[in-house]
Amino acid sequence: MNKIDISDNLAILEKENNELRNRVAELSDFIENGSVPLHWVDESGIIIWANQAELDLLGYDKEEYIGHPISDFHKDAAVIEEILNRLTAKETIRDFPAKLKCKNGSIKYVVISSNVLFKDGKFIHSRCFTKDVTPLVEEEKRKNKLMTLLEESEERLRLAIEATDLGTWDWDFEENKLYISKQAEKILGLHLNDLNYHHILELLHPEDQNSVNLIIQKLKESSSNSHFDFVCRVLKSDKNSTIWIRVQGATYMDNTNKMHRIIGSVLDITELKNSETKNAELAAIVNSSNDAIVSKTLEGIVTSWNAAAEELFGFKAGEIIGQPILKLIPENRKSEEDHILAKLRAGQSLKHFETIRISKTGQLLDVSLTISPIRDITGQIIGVSKIARDISEKKQEERRKNDFISMVSHELKTPLTSILLFTQIMQKNYQDNKNDLGKQMSNKIETQSKKMIAMIRDFLSLARIEEDQLQINKESITLLSLFEEVREEAQLMISKHKIKFACAEPITIFADHDKIAQVFTNLISNAIKYSPAGGTITIGCEKKDGKVKLFVSDEGIGIAKEDQEKLFNRFYRVDNDEIAHISGFGIGLYIVSEILRYHDSAIEVESEKGSGTTFYFSLDEIGDPIPS
């Protein structure tokens, strides 16, 4: 071979070597600077090489990454251990999921594809391709979270619907099928799986079918999404009962503005409809009533006002609703409202409570009130209802009667006083006379005259009480002196009884002498009447809680529990064959209770059938007793 041939061959070889070096350099650059992260690890799991994309992915410098165990950069030790074991076993792994730790502390989600370069069966290094799938994983997480939230929302919606007894339905126009919930099936009384609109239409009450059909047709003809809400009646599947339902929902159009779906709800409102009917009936009764019917809050604010209330009090509903009921109460009776509200808050009612109210013009009106608490469905008291009846004519008639009684009583009192005086003169004349018959007759005349005077006094007191004109003149009273007076007067009325005192010490009270004497006289008279077999009548007093408790007790026939609450009502008499022969008008205890009310006290009773009766009340004590 000549020199020229050798030279040519060398030139060709050099050219090929240069081309090979260039290709190697390009390949090295492709691997080193390519966009796909690559790295090698040896059989001990030490990183021996990594390209720039790998370093950029995790944010490390070469010195921080190469030469370090690959396990240092994996979040899950078990994952890298499994990868190395499978590579050592000469497996090729593809898209193996792993989590890598970045320099800044964040985590990269990757999939790893790798196999191993073996020479003569020896593990030289792995060939690992790392693919960053963090955005995909995050998106999947986001979707999963949204799905979870959606499921939770659907579950909350389902629970909410169940809690409200609301049935749901979905009408698919493409399949012409109705899908209804279990609650809707229960409401409508259906037991069918395959339903269409005609099945439902047949359930409607005949009088409602046309109107509902028109609503559906209008919805079908609409060119946009719309909402609907209507009420109708449904015949239950047994055809023997009818319910009212409220149907609500919305229509949904497709891209061609053609309706393809209606979604809605159904609610059984039968009880509500029945309540509305009852309320309407009640409202009609209230509005047509001749009695004023008013409701108010527990704070005394008027909330309703019927036509009769407008006529009686002169206020229009718009003028008084929202205003305090105190507008109707005279100044001297304001305290009544606190007493009434206190009883009502405790759940009690007041019946036929007679009082005075004031009209818009200032006119005083005699009314009888029946007042009751208003309760909600849980039994909680939320307000007050009041029925006011105008009793002005009745009161006027009572005033005329009382005037008559007062006049007659005054006219009778004068001759009776004269008779009593003449009788006492006769008794003095018979004092040393042996005419026992004359003496006995004068004593009987005196006793009966005093009874009539006491009766007239009670009638006069009754008239004054009902006219609210009872005068109280308080003074210091020594109880023992008062007891002697009433016992001396009572001695004329008794033959089988004994009157004794039960007062441990001298006590002075501040009260109206004549009125309290009348109280004791009436109580003793009552004790005499209702212990016909005789026995001891005790007039007593004792100090208790800063007050003086005064009482009259007997050993008579007693009073049944059911009669005790009514004893102090005007004209009340116990309906009992055992005492049918006992005379009386049923005003004595009423006068006692009213006199004590004027003394800011109250009469109370303790009694059992066959075991006697005790009446008692309390008054204020004052200073030392006045010397007699």
# chains A, B, ... in the order shown; residues from 1 in each chain; ligands from 1
$ residues_around --residues "segment 313-326 of chain A" --least-positions-apart "5" --cutoff "6 Å" --atoms "only C-alpha atoms" --output "PDB file with N, CA and C atoms, in the first residue's frame"
ATOM      1  N   GLY A 300     -98.114  41.575  78.160  1.00  0.00           N
ATOM      2  CA  GLY A 300     -99.282  42.439  78.147  1.00  0.00           C
ATOM      3  C   GLY A 300     -99.454  43.267  76.897  1.00  0.00           C
ATOM      4  N   ILE A 301     -98.845  42.853  75.770  1.00  0.00           N
ATOM      5  CA  ILE A 301     -98.979  43.573  74.504  1.00  0.00           C
ATOM      6  C   ILE A 301    -100.083  42.917  73.677  1.00  0.00           C
ATOM      7  N   VAL A 302    -101.033  43.719  73.199  1.00  0.00           N
ATOM      8  CA  VAL A 302    -102.174  43.200  72.449  1.00  0.00           C
ATOM      9  C   VAL A 302    -101.715  42.650  71.100  1.00  0.00           C
ATOM     10  N   THR A 303    -102.171  41.432  70.755  1.00  0.00           N
ATOM     11  CA  THR A 303    -101.789  40.808  69.481  1.00  0.00           C
ATOM     12  C   THR A 303    -102.981  40.537  68.566  1.00  0.00           C
ATOM     13  N   TRP A 305    -107.563  41.409  68.080  1.00  0.00           N
ATOM     14  CA  TRP A 305    -108.638  42.301  68.558  1.00  0.00           C
ATOM     15  C   TRP A 305    -109.824  42.107  67.629  1.00  0.00           C
ATOM     16  N   SER A 359    -112.871  52.751  78.236  1.00  0.00           N
ATOM     17  CA  SER A 359    -112.968  52.810  76.770  1.00  0.00           C
ATOM     18  C   SER A 359    -112.089  53.921  76.214  1.00  0.00           C
ATOM     19  N   LYS A 360    -112.044  54.019  74.904  1.00  0.00           N
ATOM     20  CA  LYS A 360    -111.251  55.043  74.230  1.00  0.00           C
ATOM     21  C   LYS A 360    -111.709  56.448  74.630  1.00  0.00           C
TER      22      LYS A 360
END
$ residues_around --residues "Ser349 of chain A" --least-positions-apart "5" --cutoff "8 Å" --atoms "only C-alpha atoms" --output "PDB file with C-alpha atoms, in the first residue's frame"
ATOM      1  CA  LYS A 343    -101.464  33.504  87.486  1.00  0.00           C
ATOM      2  CA  LEU A 344    -101.406  32.896  83.742  1.00  0.00           C
ATOM      3  CA  THR A 370    -112.480  34.956  81.319  1.00  0.00           C
ATOM      4  CA  ILE A 371    -108.730  34.691  80.857  1.00  0.00           C
ATOM      5  CA  SER A 372    -106.733  31.641  79.756  1.00  0.00           C
ATOM      6  CA  PRO A 373    -103.092  30.892  78.805  1.00  0.00           C
TER       7      PRO A 373
END
$ atom_distance --atom1 "atom CA of Lys103 of chain A" --atom2 "atom CA of Ile83 of chain A"
22.1 Å
$ closest_residue --among "A:Ala98, A:Thr92, A:Lys278, A:Ser525" --to "His74 of chain A" --atoms "only C-alpha atoms"
A:Ala98
$ select_by_dssp --residues "segment 100-311 of chain A" --states "strand (DSSP E)" --output "VMD selection string"
chain A and resid 100 to 101 107 to 119 122 to 132 166 to 172 177 to 180 227 to 235 242 to 253 259 to 268 292 to 296 302 to 305
$ closest_residue --among "A:Ile524, A:Leu178, A:Val116, A:Ala250" --to "Lys90 of chain A" --atoms "only C-alpha atoms"
A:Val116
$ residues_around --residues "segment 253-263 of chain A" --least-positions-apart "6" --cutoff "12 Å" --atoms "only C-alpha atoms" --output "ChimeraX atom specification"
/A:167-181,197,216-228,247
$ closest_residue --among "A:Glu202, A:Glu555, A:Glu336, A:Glu82" --to "Lys609 of chain A" --atoms "only C-alpha atoms"
A:Glu555
$ residues_around --residues "Thr242 of chain A" --least-positions-apart "3" --cutoff "8 Å" --atoms "only C-alpha atoms" --output "count of residues only"
6
